[in-house]
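Working notes, beginning with the structure itself.
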Amino acid sequence: MTDPAFLALLHHARAERWCMDPYCTTCEPAEFREALATFAGEDRSRLVTALATMDLADWFDVHNADGAIRMSLGALGSLELVNVVLEAWLPRLGDQIRIADVVLNRVVRPRREALAVAERWIDAAADLAVRVEDPVLLEHLIFTLREDFVRRPDLVATARRLRKGAPALHKALQRLKSVPPSA
Ligand SMILES: [Zn+2]
């Protein structure tokens, strides 16, 4: 269950339409950032616990789950704490495609070497992409795995099946030069 105080913070952010674009250039997304810092406290342990124990579906209570996740993980202030939270999320990821995707794309890929959980997150995202057949997640897995993408026949087969209706995925597959010809 999500810490009620943290859930209240998310609901307040939605009600006030706080900006949740971490790199917004038109407004400084200070309100949500400051609220997270206040919530986290000096050692950030309160935020670590709230995020680690969160019901992941509650991210969609805010108007910008993507930005809220990125800013909340950013408010932890260290990769070590981000790793603690992602370790806690991994077994509870279920079919949360968008959460798997935003973490893969915005958190794990840019810090793949530094995050202990990275390879397991990528594997979980790959399993989910095959199971749910999600073209966006597959596209982002191509960007993440690059030539290693073709080492997973299940990923390649799923991507091939979906590419016709998904131009971005089609393009990503095309750029992947080493993709073997259709069997
Ligand atoms: Zn903004």
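Going through the structure tokens in order, the chains are called A, B, and so on, while each chain numbers its residues from 1 and the ligands are numbered from 1 in the order shown.
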May I have the residues within 6 Å of ligand 1, computed using only C-alpha atoms and all ligand atoms, as a PDB file with C-alpha atoms, in the first residue's frame?
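Generated output (out00.pdb):
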```
ATOM      1  CA  CYS A  19       4.563  21.034 -13.533  1.00  0.00           C
ATOM      2  CA  ASP A  21       8.415  17.984 -16.596  1.00  0.00           C
ATOM      3  CA  CYS A  24      10.769  22.095 -18.298  1.00  0.00           C
ATOM      4  CA  THR A  26       8.926  27.353 -19.676  1.00  0.00           C
ATOM      5  CA  CYS A  27       8.408  27.025 -15.944  1.00  0.00           C
ATOM      6  CA  PRO A  29       9.104  22.748 -11.855  1.00  0.00           C
TER       7      PRO A  29
END
```
Might you pull out every residue within 9 Å of Pro22 in chain A, with only C-alpha atoms counted and same-chain residues fewer than 6 positions away left off, and present them as a list in words?
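In the requested format, the answer is Glu28, Pro29, Arg33, Gly67, Ala68, Arg70 and Met71 of chain A.
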For the residues in that selection, give me N, CA and C atoms as a PDB file, in the first residue's frame.
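Done, and the output landed in part34.pdb:
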```pdb
ATOM      1  N   GLU A  28       9.848  26.707 -14.084  1.00  0.00           N
ATOM      2  CA  GLU A  28      10.709  25.955 -13.177  1.00  0.00           C
ATOM      3  C   GLU A  28       9.824  24.992 -12.388  1.00  0.00           C
ATOM      4  N   PRO A  29      10.002  23.675 -12.571  1.00  0.00           N
ATOM      5  CA  PRO A  29       9.104  22.748 -11.855  1.00  0.00           C
ATOM      6  C   PRO A  29       9.487  22.632 -10.382  1.00  0.00           C
ATOM      7  N   ARG A  33       9.217  19.547  -6.868  1.00  0.00           N
ATOM      8  CA  ARG A  33      10.572  19.221  -6.413  1.00  0.00           C
ATOM      9  C   ARG A  33      10.746  19.587  -4.935  1.00  0.00           C
ATOM     10  N   GLY A  67       6.719  12.009 -15.592  1.00  0.00           N
ATOM     11  CA  GLY A  67       7.508  13.058 -14.944  1.00  0.00           C
ATOM     12  C   GLY A  67       7.578  12.866 -13.439  1.00  0.00           C
ATOM     13  N   ALA A  68       6.459  12.436 -12.855  1.00  0.00           N
ATOM     14  CA  ALA A  68       6.416  12.254 -11.395  1.00  0.00           C
ATOM     15  C   ALA A  68       7.394  11.169 -10.961  1.00  0.00           C
ATOM     16  N   ARG A  70      10.112  10.171 -12.603  1.00  0.00           N
ATOM     17  CA  ARG A  70      11.493  10.650 -12.804  1.00  0.00           C
ATOM     18  C   ARG A  70      11.904  11.640 -11.725  1.00  0.00           C
ATOM     19  N   MET A  71      10.992  12.565 -11.384  1.00  0.00           N
ATOM     20  CA  MET A  71      11.340  13.567 -10.383  1.00  0.00           C
ATOM     21  C   MET A  71      11.441  12.945  -8.986  1.00  0.00           C
TER      22      MET A  71
END
```
So what do you get for CA of Leu86 in chain A versus CA of Leu176 in chain A, distance-wise?
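Taking CA of Leu86 in chain A and CA of Leu176 in chain A, their separation equals 28.7 Å.
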Coordinates-based distance that separates CA of Val132 in chain A from CA of Ala50 in chain A (Å, one decimal):
28.1 Å
Using only C-alpha atoms for the distances, tell me which of A:Leu51, A:Leu104, A:Ala15, A:Ala65 is nearest to Val82 in chain A.
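Looking only at the distances to Val82 in chain A, the closest residue turns out to be A:Leu51.
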Min atom-atom distance to Ala35 in chain A from the set A:Trp121, A:Phe60, A:Trp89, A:Trp18, counting only C-alpha atoms, belongs to A:Trp18
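Remark: for Val103 in chain A, the closest of the candidate residues A:Leu36, A:Ala116, A:Leu128, A:Ile122 is A:Ile122 (distances computed over only C-alpha atoms).
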Within 10 Å of Val107 in chain A, counting only C-alpha atoms, which residues qualify if same-chain residues fewer than 5 places away don't, as an MDAnalysis selection string?
chainID A and resid 69:70 73:74 79 82 86 101:102 112 115 118
So how many Å separate CA of Val117 in chain A and CA of Glu87 in chain A, to one decimal?
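That distance, rounded to one decimal, is 6.4 Å.
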Identify, with DSSP run on backbone atoms, the residues in range 3-183 of chain A assigned to alpha helix (DSSP H), and express the list as a count of residues only.
103
I'd like to know which of A:Leu141, A:Glu42, A:Leu169, A:His11 is closest to Val62 in chain A, using only C-alpha atoms.
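Among A:Leu141, A:Glu42, A:Leu169, A:His11, it is A:His11 that comes nearest to Val62 in chain A.
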Minimum-distance residue to Arg146 in chain A, chosen among A:Ser45, A:Thr158, A:Thr38, A:Gln174 (using only C-alpha atoms):
A:Gln174
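Nearest to Gly94 in chain A of all the residues A:Ala57, A:Leu76, A:Leu162, A:Val48 is A:Ala57, counting only C-alpha atoms.
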